[in-house]
Structures are given as C-alpha cells and as structure tokens.
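Here is the structure we will look at.
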Amino acid sequence: VSLLRVEAGTFCSLHYHEKRWNLFEVVRGRIAVIVYEADGYPPLKTILRRGDRYKVPPGVKHRFEVIEDGQVVEIYWTEDGSEALLSDIVRLQEGGQF
C-alpha cells in the first residue's frame with residue numbers, strides 16, 4: 001500500500017505488472033486512469049474523484065494523469081497470494097509533466 005501525493009499536470013509512466021493487481025483509490029483531487037487493453041484499440045480513460053476506485057489486472061498496460069492536486073492510495077496484490085513485489089513493473093515510457 002502506498003499513499004501518493006499527486007500534482008496536477010503530471011503523469012506516471014506507461015507500464016504494466018506481470019503478476020500484481022493495481023488498485024487506485026482517490027482520497028482527494030482527480031486523476032484519469034488510462035488503460036491500453038489490446039493493441040490496435042483506443043485506450044480507455046476513466047476519471048476518478050474522491051472515493052472512486054479503479055482496478056487494473058496484471059498484464060494490462062496503464063498509466064494515470066493528474067487532473068487536480070490530491071492524494072491517491074495505491075494497493076497491490078497477487079491473485080495467488082504471493083508477495084506483491086515492487087520490482088514487478090515493466091516501464092514502457094517514463095512519467096513526467098504535460
């Protein structure tokens with residue numbers, strides 16, 4: 001579990017996890033979670049506000065963009081109950097600012 005302090009106009013890297021699930025819950029502020037479910041299809045963009053949650057399964061490319069300053073809780077787990085290693089991340093593009 002991580003508490004992220006997020007700043008408007010920034011975005012995290014485009015990445016995926018091989019084994020772990022990723023859940024975002026907005027404490028305050030707004031973010032857009034963008035998932036790339038399959039090559040050749042447009043990405044799905046979901047706006048999250050305070051209290052909203054979004055789950056991303058293992059293997060799904062995703063990132064988030066910060067629309068409004070705030071805090072986001074990020075929770076990781078694995079389907080088989082094994083340890084959710086922080087090293088389980090494959091970055092495809094770096095994060096940054098708009």
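Chain labels run A, B, ... following the order of the structure tokens; each chain numbers its residues from 1, and ligands are numbered from 1 in the order shown.
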Contacts of range 62-65 of chain A at 7 Å or less, counting only C-alpha atoms, minus same-chain residues fewer than 3 places along, as a PDB file with C-alpha atoms, in the first residue's frame?
ATOM      1  CA  THR A  10       1.848  15.307 -14.152  1.00  0.00           C
ATOM      2  CA  PHE A  11       1.522  11.680 -15.239  1.00  0.00           C
ATOM      3  CA  CYS A  12       3.086   8.375 -14.250  1.00  0.00           C
ATOM      4  CA  SER A  13       4.942   6.080 -16.606  1.00  0.00           C
ATOM      5  CA  LEU A  14       3.119   3.834 -19.053  1.00  0.00           C
ATOM      6  CA  HIS A  15       3.694   0.381 -17.576  1.00  0.00           C
ATOM      7  CA  TYR A  16       2.270  -2.994 -16.631  1.00  0.00           C
ATOM      8  CA  ILE A  31      -6.919  11.599 -11.765  1.00  0.00           C
ATOM      9  CA  ALA A  32      -7.544   9.901 -15.088  1.00  0.00           C
ATOM     10  CA  VAL A  33      -6.583   6.229 -15.280  1.00  0.00           C
ATOM     11  CA  ILE A  34      -5.769   5.214 -18.840  1.00  0.00           C
ATOM     12  CA  VAL A  35      -5.673   1.531 -19.774  1.00  0.00           C
ATOM     13  CA  TYR A  36      -4.499   0.030 -23.043  1.00  0.00           C
TER      14      TYR A  36
END
Could you give me, as a tab-separated table (two decimals) with all heavy atoms, in the first residue's frame, each residue of chain A that DSSP assigns to strand (DSSP E) when run on this structure's backbone?
chain	number	residue	atom	x	y	z
A	2	SER	N	0.57	2.20	-0.86
A	2	SER	CA	1.30	3.47	-0.93
A	2	SER	C	0.32	4.62	-0.94
A	2	SER	O	-0.76	4.51	-1.53
A	2	SER	CB	2.14	3.55	-2.20
A	2	SER	OG	3.10	2.54	-2.26
A	3	LEU	N	0.70	5.72	-0.31
A	3	LEU	CA	-0.07	6.96	-0.40
A	3	LEU	C	0.72	7.90	-1.29
A	3	LEU	O	1.84	8.28	-0.98
A	3	LEU	CB	-0.29	7.59	0.98
A	3	LEU	CG	-1.01	8.93	0.97
A	3	LEU	CD1	-2.43	8.80	0.40
A	3	LEU	CD2	-1.05	9.52	2.37
A	4	LEU	N	0.13	8.25	-2.43
A	4	LEU	CA	0.80	9.12	-3.40
A	4	LEU	C	0.26	10.54	-3.28
A	4	LEU	O	-0.96	10.75	-3.26
A	4	LEU	CB	0.54	8.62	-4.82
A	4	LEU	CG	0.83	7.16	-5.11
A	4	LEU	CD1	0.42	6.81	-6.53
A	4	LEU	CD2	2.29	6.84	-4.88
A	5	ARG	N	1.14	11.50	-3.19
A	5	ARG	CA	0.75	12.91	-3.27
A	5	ARG	C	0.94	13.28	-4.74
A	5	ARG	O	2.06	13.20	-5.25
A	5	ARG	CB	1.62	13.77	-2.37
A	5	ARG	CG	1.42	13.43	-0.91
A	5	ARG	CD	2.46	14.13	-0.06
A	5	ARG	NE	2.63	13.43	1.17
A	5	ARG	CZ	2.02	13.76	2.31
A	5	ARG	NH1	1.21	14.79	2.34
A	5	ARG	NH2	2.23	13.06	3.40
A	6	VAL	N	-0.15	13.65	-5.38
A	6	VAL	CA	-0.11	13.88	-6.82
A	6	VAL	C	-0.32	15.35	-7.16
A	6	VAL	O	-1.05	16.04	-6.46
A	6	VAL	CB	-1.14	12.97	-7.54
A	6	VAL	CG1	-0.77	11.50	-7.38
A	6	VAL	CG2	-2.55	13.20	-7.03
A	10	THR	N	0.84	16.36	-14.09
A	10	THR	CA	1.85	15.31	-14.15
A	10	THR	C	1.20	13.98	-14.52
A	10	THR	O	-0.02	13.83	-14.47
A	10	THR	CB	2.60	15.15	-12.81
A	10	THR	OG1	1.66	14.79	-11.79
A	10	THR	CG2	3.30	16.44	-12.43
A	11	PHE	N	2.03	13.01	-14.91
A	11	PHE	CA	1.52	11.68	-15.24
A	11	PHE	C	2.59	10.65	-14.88
A	11	PHE	O	3.78	10.95	-14.86
A	11	PHE	CB	1.12	11.58	-16.72
A	11	PHE	CG	2.24	11.89	-17.68
A	11	PHE	CD1	3.03	10.88	-18.19
A	11	PHE	CD2	2.49	13.20	-18.07
A	11	PHE	CE1	4.06	11.17	-19.08
A	11	PHE	CE2	3.52	13.50	-18.95
A	11	PHE	CZ	4.30	12.48	-19.46
A	14	LEU	N	3.94	4.88	-18.44
A	14	LEU	CA	3.12	3.83	-19.05
A	14	LEU	C	3.82	2.53	-18.70
A	14	LEU	O	5.02	2.36	-18.96
A	14	LEU	CB	3.04	4.01	-20.56
A	14	LEU	CG	2.35	2.90	-21.34
A	14	LEU	CD1	0.89	2.75	-20.91
A	14	LEU	CD2	2.44	3.16	-22.84
A	15	HIS	N	3.07	1.60	-18.06
A	15	HIS	CA	3.69	0.38	-17.58
A	15	HIS	C	2.66	-0.73	-17.40
A	15	HIS	O	1.46	-0.50	-17.58
A	15	HIS	CB	4.41	0.64	-16.24
A	15	HIS	CG	3.48	1.03	-15.14
A	15	HIS	ND1	2.99	2.30	-14.97
A	15	HIS	CD2	2.92	0.30	-14.15
A	15	HIS	CE1	2.19	2.34	-13.92
A	15	HIS	NE2	2.12	1.13	-13.41
A	16	TYR	N	3.15	-1.89	-17.03
A	16	TYR	CA	2.27	-2.99	-16.63
A	16	TYR	C	3.00	-3.82	-15.59
A	16	TYR	O	4.21	-3.66	-15.38
A	16	TYR	CB	1.83	-3.84	-17.83
A	16	TYR	CG	2.93	-4.61	-18.53
A	16	TYR	CD1	3.25	-5.91	-18.15
A	16	TYR	CD2	3.65	-4.04	-19.57
A	16	TYR	CE1	4.26	-6.61	-18.80
A	16	TYR	CE2	4.65	-4.73	-20.22
A	16	TYR	CZ	4.96	-6.01	-19.82
A	16	TYR	OH	5.96	-6.71	-20.45
A	20	ARG	N	1.12	-8.68	-10.39
A	20	ARG	CA	0.31	-7.99	-9.38
A	20	ARG	C	-0.82	-7.15	-9.97
A	20	ARG	O	-0.71	-6.58	-11.04
A	20	ARG	CB	1.19	-7.15	-8.46
A	20	ARG	CG	1.86	-5.99	-9.14
A	20	ARG	CD	2.76	-5.26	-8.16
A	20	ARG	NE	3.38	-4.13	-8.84
A	20	ARG	CZ	4.12	-3.24	-8.25
A	20	ARG	NH1	4.36	-3.32	-6.97
A	20	ARG	NH2	4.63	-2.25	-8.94
A	21	TRP	N	-1.91	-7.14	-9.22
A	21	TRP	CA	-3.02	-6.25	-9.48
A	21	TRP	C	-2.65	-4.88	-8.95
A	21	TRP	O	-1.84	-4.75	-8.03
A	21	TRP	CB	-4.27	-6.73	-8.75
A	21	TRP	CG	-4.95	-7.88	-9.41
A	21	TRP	CD1	-4.54	-9.19	-9.40
A	21	TRP	CD2	-6.15	-7.84	-10.17
A	21	TRP	NE1	-5.43	-9.96	-10.11
A	21	TRP	CE2	-6.43	-9.15	-10.59
A	21	TRP	CE3	-7.02	-6.82	-10.53
A	21	TRP	CZ2	-7.54	-9.47	-11.36
A	21	TRP	CZ3	-8.12	-7.13	-11.29
A	21	TRP	CH2	-8.37	-8.45	-11.70
A	22	ASN	N	-3.31	-3.83	-9.48
A	22	ASN	CA	-3.07	-2.45	-9.06
A	22	ASN	C	-4.43	-1.80	-8.83
A	22	ASN	O	-5.27	-1.80	-9.74
A	22	ASN	CB	-2.32	-1.75	-10.17
A	22	ASN	CG	-1.65	-0.45	-9.80
A	22	ASN	OD1	-0.96	0.11	-10.61
A	22	ASN	ND2	-1.80	0.05	-8.59
A	23	LEU	N	-4.65	-1.29	-7.63
A	23	LEU	CA	-5.90	-0.59	-7.34
A	23	LEU	C	-5.57	0.85	-6.96
A	23	LEU	O	-4.66	1.09	-6.16
A	23	LEU	CB	-6.66	-1.24	-6.18
A	23	LEU	CG	-7.98	-0.56	-5.82
A	23	LEU	CD1	-9.06	-1.58	-5.57
A	23	LEU	CD2	-7.82	0.33	-4.59
A	24	PHE	N	-6.28	1.79	-7.57
A	24	PHE	CA	-6.15	3.21	-7.24
A	24	PHE	C	-7.42	3.64	-6.52
A	24	PHE	O	-8.53	3.33	-6.97
A	24	PHE	CB	-6.01	4.06	-8.50
A	24	PHE	CG	-4.83	3.71	-9.36
A	24	PHE	CD1	-4.98	2.91	-10.48
A	24	PHE	CD2	-3.57	4.16	-9.04
A	24	PHE	CE1	-3.91	2.58	-11.28
A	24	PHE	CE2	-2.47	3.83	-9.84
A	24	PHE	CZ	-2.65	3.04	-10.96
A	25	GLU	N	-7.27	4.37	-5.41
A	25	GLU	CA	-8.42	4.99	-4.74
A	25	GLU	C	-8.05	6.44	-4.45
A	25	GLU	O	-7.04	6.72	-3.80
A	25	GLU	CB	-8.77	4.28	-3.44
A	25	GLU	CG	-9.98	4.93	-2.79
A	25	GLU	CD	-10.49	4.20	-1.56
A	25	GLU	OE1	-10.08	3.06	-1.30
A	25	GLU	OE2	-11.33	4.80	-0.86
A	26	VAL	N	-8.90	7.35	-4.91
A	26	VAL	CA	-8.63	8.78	-4.76
A	26	VAL	C	-9.12	9.23	-3.38
A	26	VAL	O	-10.29	9.05	-3.03
A	26	VAL	CB	-9.31	9.60	-5.88
A	26	VAL	CG1	-9.13	11.09	-5.65
A	26	VAL	CG2	-8.76	9.19	-7.24
A	27	VAL	N	-8.20	9.82	-2.61
A	27	VAL	CA	-8.52	10.38	-1.30
A	27	VAL	C	-9.02	11.80	-1.49
A	27	VAL	O	-10.02	12.21	-0.91
A	27	VAL	CB	-7.29	10.34	-0.36
A	27	VAL	CG1	-7.60	11.02	0.97
A	27	VAL	CG2	-6.82	8.91	-0.17
A	28	ARG	N	-8.31	12.55	-2.32
A	28	ARG	CA	-8.76	13.89	-2.71
A	28	ARG	C	-8.10	14.22	-4.04
A	28	ARG	O	-7.09	13.63	-4.42
A	28	ARG	CB	-8.47	14.93	-1.65
A	28	ARG	CG	-7.05	15.21	-1.36
A	28	ARG	CD	-6.89	16.28	-0.25
A	28	ARG	NE	-5.51	16.46	0.10
A	28	ARG	CZ	-4.64	17.19	-0.58
A	28	ARG	NH1	-5.02	17.83	-1.67
A	28	ARG	NH2	-3.39	17.29	-0.20
A	29	GLY	N	-8.72	15.15	-4.77
A	29	GLY	CA	-8.22	15.51	-6.10
A	29	GLY	C	-8.91	14.70	-7.18
A	29	GLY	O	-9.95	14.07	-6.95
A	30	ARG	N	-8.33	14.71	-8.38
A	30	ARG	CA	-8.87	13.95	-9.52
A	30	ARG	C	-7.71	13.43	-10.37
A	30	ARG	O	-6.75	14.15	-10.62
A	30	ARG	CB	-9.75	14.83	-10.41
A	30	ARG	CG	-11.12	15.11	-9.84
A	30	ARG	CD	-12.01	15.85	-10.82
A	30	ARG	NE	-11.41	17.13	-11.19
A	30	ARG	CZ	-11.53	17.69	-12.39
A	30	ARG	NH1	-12.21	17.10	-13.35
A	30	ARG	NH2	-10.97	18.85	-12.65
A	31	ILE	N	-7.87	12.18	-10.83
A	31	ILE	CA	-6.92	11.60	-11.77
A	31	ILE	C	-7.69	10.93	-12.89
A	31	ILE	O	-8.88	10.64	-12.75
A	31	ILE	CB	-5.96	10.58	-11.10
A	31	ILE	CG1	-6.73	9.34	-10.62
A	31	ILE	CG2	-5.17	11.22	-9.98
A	31	ILE	CD1	-5.83	8.19	-10.17
A	32	ALA	N	-7.00	10.70	-13.98
A	32	ALA	CA	-7.54	9.90	-15.09
A	32	ALA	C	-6.68	8.65	-15.19
A	32	ALA	O	-5.46	8.76	-15.34
A	32	ALA	CB	-7.50	10.68	-16.39
A	33	VAL	N	-7.30	7.48	-15.07
A	33	VAL	CA	-6.58	6.23	-15.28
A	33	VAL	C	-6.79	5.84	-16.73
A	33	VAL	O	-7.93	5.80	-17.22
A	33	VAL	CB	-7.10	5.12	-14.34
A	33	VAL	CG1	-6.40	3.80	-14.64
A	33	VAL	CG2	-6.90	5.51	-12.88
A	34	ILE	N	-5.70	5.56	-17.42
A	34	ILE	CA	-5.77	5.21	-18.84
A	34	ILE	C	-5.25	3.79	-18.99
A	34	ILE	O	-4.12	3.49	-18.58
A	34	ILE	CB	-4.94	6.20	-19.68
A	34	ILE	CG1	-5.50	7.61	-19.46
A	34	ILE	CG2	-4.98	5.84	-21.15
A	34	ILE	CD1	-4.49	8.67	-19.46
A	35	VAL	N	-6.08	2.92	-19.56
A	35	VAL	CA	-5.67	1.53	-19.77
A	35	VAL	C	-5.67	1.23	-21.27
A	35	VAL	O	-6.50	1.71	-22.02
A	35	VAL	CB	-6.57	0.52	-19.02
A	35	VAL	CG1	-6.45	0.70	-17.53
A	35	VAL	CG2	-8.01	0.62	-19.44
A	36	TYR	N	-4.69	0.44	-21.66
A	36	TYR	CA	-4.50	0.03	-23.04
A	36	TYR	C	-4.75	-1.48	-23.06
A	36	TYR	O	-3.83	-2.26	-22.83
A	36	TYR	CB	-3.08	0.37	-23.50
A	36	TYR	CG	-2.78	1.85	-23.40
A	36	TYR	CD1	-2.47	2.44	-22.17
A	36	TYR	CD2	-2.83	2.66	-24.52
A	36	TYR	CE1	-2.20	3.80	-22.08
A	36	TYR	CE2	-2.55	4.02	-24.43
A	36	TYR	CZ	-2.24	4.58	-23.21
A	36	TYR	OH	-1.98	5.92	-23.12
A	44	LEU	N	-8.73	3.27	-22.93
A	44	LEU	CA	-9.93	3.59	-22.15
A	44	LEU	C	-9.51	4.54	-21.04
A	44	LEU	O	-8.61	4.22	-20.25
A	44	LEU	CB	-10.52	2.31	-21.56
A	44	LEU	CG	-11.70	2.47	-20.62
A	44	LEU	CD1	-12.91	3.06	-21.35
A	44	LEU	CD2	-12.06	1.13	-20.01
A	45	LYS	N	-10.14	5.71	-20.98
A	45	LYS	CA	-9.79	6.74	-19.99
A	45	LYS	C	-10.94	6.88	-19.01
A	45	LYS	O	-12.08	7.13	-19.41
A	45	LYS	CB	-9.53	8.06	-20.70
A	45	LYS	CG	-9.04	9.17	-19.82
A	45	LYS	CD	-8.69	10.39	-20.68
A	45	LYS	CE	-7.96	11.44	-19.92
A	45	LYS	NZ	-7.53	12.55	-20.80
A	46	THR	N	-10.66	6.71	-17.71
A	46	THR	CA	-11.66	6.80	-16.66
A	46	THR	C	-11.24	7.87	-15.66
A	46	THR	O	-10.13	7.80	-15.11
A	46	THR	CB	-11.83	5.45	-15.93
A	46	THR	OG1	-12.15	4.45	-16.89
A	46	THR	CG2	-12.91	5.52	-14.88
A	47	ILE	N	-12.11	8.84	-15.42
A	47	ILE	CA	-11.85	9.92	-14.46
A	47	ILE	C	-12.27	9.45	-13.08
A	47	ILE	O	-13.39	8.98	-12.88
A	47	ILE	CB	-12.62	11.21	-14.83
A	47	ILE	CG1	-12.35	11.63	-16.27
A	47	ILE	CG2	-12.30	12.33	-13.83
A	47	ILE	CD1	-10.94	12.03	-16.58
A	48	LEU	N	-11.35	9.59	-12.11
A	48	LEU	CA	-11.64	9.23	-10.72
A	48	LEU	C	-11.62	10.47	-9.86
A	48	LEU	O	-10.73	11.31	-9.97
A	48	LEU	CB	-10.59	8.25	-10.19
A	48	LEU	CG	-10.39	6.95	-10.95
A	48	LEU	CD1	-9.33	6.10	-10.25
A	48	LEU	CD2	-11.68	6.17	-11.05
A	53	ARG	N	-12.65	4.25	-7.04
A	53	ARG	CA	-11.61	3.22	-7.12
A	53	ARG	C	-11.55	2.67	-8.55
A	53	ARG	O	-12.55	2.65	-9.24
A	53	ARG	CB	-11.93	2.04	-6.20
A	53	ARG	CG	-11.88	2.35	-4.77
A	53	ARG	CD	-12.24	1.13	-3.97
A	53	ARG	NE	-12.02	1.36	-2.56
A	53	ARG	CZ	-12.09	0.42	-1.65
A	53	ARG	NH1	-12.37	-0.82	-2.00
A	53	ARG	NH2	-11.86	0.71	-0.39
A	54	TYR	N	-10.37	2.15	-8.89
A	54	TYR	CA	-10.21	1.52	-10.20
A	54	TYR	C	-9.17	0.42	-10.08
A	54	TYR	O	-8.07	0.65	-9.56
A	54	TYR	CB	-9.76	2.55	-11.25
A	54	TYR	CG	-9.90	2.06	-12.65
A	54	TYR	CD1	-11.05	2.33	-13.38
A	54	TYR	CD2	-8.90	1.31	-13.25
A	54	TYR	CE1	-11.19	1.87	-14.68
A	54	TYR	CE2	-9.03	0.85	-14.55
A	54	TYR	CZ	-10.18	1.13	-15.25
A	54	TYR	OH	-10.32	0.66	-16.53
A	55	LYS	N	-9.49	-0.79	-10.55
A	55	LYS	CA	-8.57	-1.94	-10.51
A	55	LYS	C	-8.01	-2.22	-11.89
A	55	LYS	O	-8.75	-2.21	-12.88
A	55	LYS	CB	-9.32	-3.20	-10.07
A	55	LYS	CG	-9.65	-3.25	-8.62
A	55	LYS	CD	-10.15	-4.65	-8.28
A	55	LYS	CE	-11.55	-4.59	-7.77
A	55	LYS	NZ	-12.05	-5.90	-7.34
A	56	VAL	N	-6.71	-2.50	-11.93
A	56	VAL	CA	-6.04	-2.86	-13.18
A	56	VAL	C	-5.43	-4.26	-13.00
A	56	VAL	O	-4.60	-4.46	-12.11
A	56	VAL	CB	-4.93	-1.86	-13.54
A	56	VAL	CG1	-4.26	-2.24	-14.85
A	56	VAL	CG2	-5.47	-0.43	-13.60
A	61	LYS	N	-1.46	-2.77	-19.79
A	61	LYS	CA	-0.70	-1.52	-19.84
A	61	LYS	C	-1.58	-0.39	-19.32
A	61	LYS	O	-2.75	-0.29	-19.69
A	61	LYS	CB	-0.28	-1.20	-21.28
A	61	LYS	CG	0.62	-2.22	-21.90
A	61	LYS	CD	0.86	-1.87	-23.37
A	61	LYS	CE	1.46	-3.04	-24.09
A	61	LYS	NZ	1.51	-2.78	-25.55
A	62	HIS	N	-0.99	0.48	-18.46
A	62	HIS	CA	-1.77	1.58	-17.90
A	62	HIS	C	-0.85	2.70	-17.41
A	62	HIS	O	0.36	2.54	-17.30
A	62	HIS	CB	-2.64	1.08	-16.74
A	62	HIS	CG	-1.87	0.54	-15.58
A	62	HIS	ND1	-1.30	-0.72	-15.59
A	62	HIS	CD2	-1.56	1.08	-14.38
A	62	HIS	CE1	-0.68	-0.94	-14.44
A	62	HIS	NE2	-0.82	0.14	-13.69
A	63	ARG	N	-1.48	3.82	-17.13
A	63	ARG	CA	-0.83	4.97	-16.51
A	63	ARG	C	-1.93	5.85	-15.94
A	63	ARG	O	-3.12	5.61	-16.18
A	63	ARG	CB	0.04	5.74	-17.49
A	63	ARG	CG	-0.74	6.49	-18.56
A	63	ARG	CD	0.24	7.16	-19.52
A	63	ARG	NE	-0.48	7.82	-20.59
A	63	ARG	CZ	-0.52	9.14	-20.76
A	63	ARG	NH1	0.13	9.92	-19.93
A	63	ARG	NH2	-1.18	9.66	-21.75
A	64	PHE	N	-1.56	6.85	-15.18
A	64	PHE	CA	-2.57	7.83	-14.76
A	64	PHE	C	-2.04	9.23	-14.98
A	64	PHE	O	-0.83	9.47	-14.98
A	64	PHE	CB	-3.06	7.61	-13.32
A	64	PHE	CG	-2.03	7.84	-12.24
A	64	PHE	CD1	-1.75	9.11	-11.79
A	64	PHE	CD2	-1.39	6.77	-11.65
A	64	PHE	CE1	-0.82	9.32	-10.78
A	64	PHE	CE2	-0.46	6.96	-10.64
A	64	PHE	CZ	-0.17	8.25	-10.21
A	65	GLU	N	-2.99	10.14	-15.21
A	65	GLU	CA	-2.71	11.56	-15.37
A	65	GLU	C	-3.38	12.29	-14.22
A	65	GLU	O	-4.51	11.94	-13.86
A	65	GLU	CB	-3.28	12.08	-16.69
A	65	GLU	CG	-2.73	11.40	-17.91
A	65	GLU	CD	-3.45	11.81	-19.20
A	65	GLU	OE1	-4.52	12.46	-19.13
A	65	GLU	OE2	-2.95	11.45	-20.27
A	66	VAL	N	-2.71	13.29	-13.66
A	66	VAL	CA	-3.28	14.03	-12.54
A	66	VAL	C	-3.97	15.28	-13.06
A	66	VAL	O	-3.35	16.14	-13.68
A	66	VAL	CB	-2.19	14.40	-11.50
A	66	VAL	CG1	-2.83	15.09	-10.31
A	66	VAL	CG2	-1.43	13.15	-11.07
A	67	ILE	N	-5.27	15.35	-12.80
A	67	ILE	CA	-6.09	16.48	-13.25
A	67	ILE	C	-6.12	17.58	-12.18
A	67	ILE	O	-6.11	18.76	-12.50
A	67	ILE	CB	-7.53	16.00	-13.56
A	67	ILE	CG1	-7.48	14.94	-14.67
A	67	ILE	CG2	-8.44	17.16	-13.92
A	67	ILE	CD1	-8.77	14.17	-14.83
A	68	GLU	N	-6.18	17.15	-10.91
A	68	GLU	CA	-6.28	18.09	-9.79
A	68	GLU	C	-5.40	17.57	-8.65
A	68	GLU	O	-5.46	16.38	-8.31
A	68	GLU	CB	-7.74	18.18	-9.36
A	68	GLU	CG	-8.03	19.10	-8.22
A	68	GLU	CD	-9.52	19.04	-7.86
A	68	GLU	OE1	-10.36	19.33	-8.75
A	68	GLU	OE2	-9.83	18.69	-6.72
A	69	ASP	N	-4.59	18.45	-8.05
A	69	ASP	CA	-3.74	18.06	-6.93
A	69	ASP	C	-4.52	17.23	-5.92
A	69	ASP	O	-5.70	17.48	-5.68
A	69	ASP	CB	-3.21	19.30	-6.18
A	69	ASP	CG	-2.21	20.11	-6.97
A	69	ASP	OD1	-1.85	19.72	-8.09
A	69	ASP	OD2	-1.80	21.17	-6.46
A	70	GLY	N	-3.83	16.26	-5.30
A	70	GLY	CA	-4.51	15.47	-4.29
A	70	GLY	C	-3.67	14.34	-3.76
A	70	GLY	O	-2.43	14.38	-3.80
A	71	GLN	N	-4.36	13.32	-3.27
A	71	GLN	CA	-3.73	12.13	-2.74
A	71	GLN	C	-4.45	10.90	-3.29
A	71	GLN	O	-5.67	10.89	-3.38
A	71	GLN	CB	-3.79	12.10	-1.22
A	71	GLN	CG	-2.98	13.19	-0.56
A	71	GLN	CD	-3.07	13.12	0.94
A	71	GLN	OE1	-4.11	12.82	1.50
A	71	GLN	NE2	-1.97	13.41	1.61
A	72	VAL	N	-3.66	9.88	-3.61
A	72	VAL	CA	-4.19	8.64	-4.16
A	72	VAL	C	-3.57	7.47	-3.39
A	72	VAL	O	-2.36	7.44	-3.20
A	72	VAL	CB	-3.87	8.51	-5.66
A	72	VAL	CG1	-4.33	7.17	-6.22
A	72	VAL	CG2	-4.48	9.66	-6.45
A	73	VAL	N	-4.40	6.55	-2.93
A	73	VAL	CA	-3.92	5.33	-2.32
A	73	VAL	C	-3.75	4.31	-3.44
A	73	VAL	O	-4.65	4.13	-4.27
A	73	VAL	CB	-4.89	4.80	-1.25
A	73	VAL	CG1	-4.45	3.43	-0.74
A	73	VAL	CG2	-5.01	5.78	-0.11
A	74	GLU	N	-2.59	3.65	-3.44
A	74	GLU	CA	-2.31	2.63	-4.44
A	74	GLU	C	-2.08	1.32	-3.69
A	74	GLU	O	-1.25	1.25	-2.79
A	74	GLU	CB	-1.07	3.04	-5.23
A	74	GLU	CG	-0.83	2.23	-6.45
A	74	GLU	CD	0.29	2.80	-7.31
A	74	GLU	OE1	1.19	3.50	-6.79
A	74	GLU	OE2	0.26	2.54	-8.50
A	75	ILE	N	-2.84	0.29	-4.06
A	75	ILE	CA	-2.77	-1.01	-3.38
A	75	ILE	C	-2.41	-2.06	-4.42
A	75	ILE	O	-2.97	-2.08	-5.52
A	75	ILE	CB	-4.11	-1.36	-2.71
A	75	ILE	CG1	-4.49	-0.28	-1.70
A	75	ILE	CG2	-4.05	-2.74	-2.06
A	75	ILE	CD1	-5.89	-0.41	-1.14
A	76	TYR	N	-1.47	-2.95	-4.04
A	76	TYR	CA	-1.04	-4.04	-4.92
A	76	TYR	C	-1.32	-5.37	-4.25
A	76	TYR	O	-1.18	-5.50	-3.04
A	76	TYR	CB	0.46	-3.97	-5.19
A	76	TYR	CG	0.92	-2.75	-5.93
A	76	TYR	CD1	1.72	-1.80	-5.32
A	76	TYR	CD2	0.58	-2.57	-7.26
A	76	TYR	CE1	2.16	-0.68	-6.01
A	76	TYR	CE2	1.02	-1.47	-7.96
A	76	TYR	CZ	1.81	-0.53	-7.33
A	76	TYR	OH	2.26	0.57	-8.02
A	77	TRP	N	-1.64	-6.38	-5.04
A	77	TRP	CA	-1.77	-7.75	-4.54
A	77	TRP	C	-1.64	-8.71	-5.71
A	77	TRP	O	-1.70	-8.29	-6.87
A	77	TRP	CB	-3.10	-7.97	-3.80
A	77	TRP	CG	-4.30	-8.01	-4.69
A	77	TRP	CD1	-4.91	-9.12	-5.20
A	77	TRP	CD2	-5.05	-6.90	-5.19
A	77	TRP	NE1	-5.98	-8.77	-5.99
A	77	TRP	CE2	-6.09	-7.40	-5.99
A	77	TRP	CE3	-4.94	-5.51	-5.04
A	77	TRP	CZ2	-7.00	-6.59	-6.64
A	77	TRP	CZ3	-5.86	-4.70	-5.69
A	77	TRP	CH2	-6.87	-5.24	-6.48
A	78	THR	N	-1.43	-9.98	-5.39
A	78	THR	CA	-1.35	-11.01	-6.43
A	78	THR	C	-2.51	-11.97	-6.28
A	78	THR	O	-3.06	-12.14	-5.19
A	78	THR	CB	-0.03	-11.80	-6.33
A	78	THR	OG1	0.02	-12.45	-5.07
A	78	THR	CG2	1.18	-10.90	-6.52
A	90	VAL	N	7.03	-3.23	-15.49
A	90	VAL	CA	7.71	-3.11	-16.78
A	90	VAL	C	7.32	-1.75	-17.34
A	90	VAL	O	6.17	-1.54	-17.74
A	90	VAL	CB	7.30	-4.25	-17.75
A	90	VAL	CG1	7.98	-4.06	-19.10
A	90	VAL	CG2	7.61	-5.61	-17.15
A	91	ARG	N	8.27	-0.81	-17.32
A	91	ARG	CA	8.01	0.55	-17.79
A	91	ARG	C	8.24	0.63	-19.30
A	91	ARG	O	9.29	0.24	-19.79
A	91	ARG	CB	8.90	1.55	-17.07
A	91	ARG	CG	8.60	1.63	-15.59
A	91	ARG	CD	9.40	2.74	-14.92
A	91	ARG	NE	9.39	2.60	-13.49
A	91	ARG	CZ	8.40	3.01	-12.70
A	91	ARG	NH1	7.35	3.60	-13.22
A	91	ARG	NH2	8.48	2.83	-11.39
A	92	LEU	N	7.24	1.17	-19.99
A	92	LEU	CA	7.30	1.31	-21.44
A	92	LEU	C	7.63	2.75	-21.85
A	92	LEU	O	8.16	2.98	-22.93
A	92	LEU	CB	5.99	0.85	-22.07
A	92	LEU	CG	5.59	-0.57	-21.68
A	92	LEU	CD1	4.16	-0.86	-22.11
A	92	LEU	CD2	6.55	-1.57	-22.27
A	93	GLN	N	7.23	3.71	-21.02
A	93	GLN	CA	7.52	5.12	-21.22
A	93	GLN	C	7.66	5.75	-19.84
A	93	GLN	O	7.00	5.31	-18.90
A	93	GLN	CB	6.41	5.84	-21.97
A	93	GLN	CG	6.20	5.41	-23.38
A	93	GLN	CD	4.98	6.10	-24.00
A	93	GLN	OE1	4.14	6.65	-23.32
A	93	GLN	NE2	4.89	6.03	-25.32
A	96	GLY	N	6.08	12.12	-16.31
A	96	GLY	CA	6.58	13.50	-16.43
A	96	GLY	C	5.48	14.52	-16.23
A	96	GLY	O	4.51	14.28	-15.52
A	97	GLN	N	5.63	15.64	-16.91
A	97	GLN	CA	4.68	16.74	-16.86
A	97	GLN	C	4.16	17.02	-18.26
A	97	GLN	O	4.85	16.79	-19.24
A	97	GLN	CB	5.34	18.00	-16.31
A	97	GLN	CG	5.79	17.87	-14.89
A	97	GLN	CD	6.41	19.16	-14.38
A	97	GLN	OE1	6.90	19.98	-15.15
A	97	GLN	NE2	6.38	19.35	-13.09
Just how far from CA of Ile89 in chain A is CA of His17 in chain A, in Å to one decimal? 4.7 Å
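Proximity to Pro58 in chain A was assessed for A:Asp39, A:Glu83, A:Glu18, A:Asp88 counting only C-alpha atoms; the smallest distance is recorded for A:Glu18.
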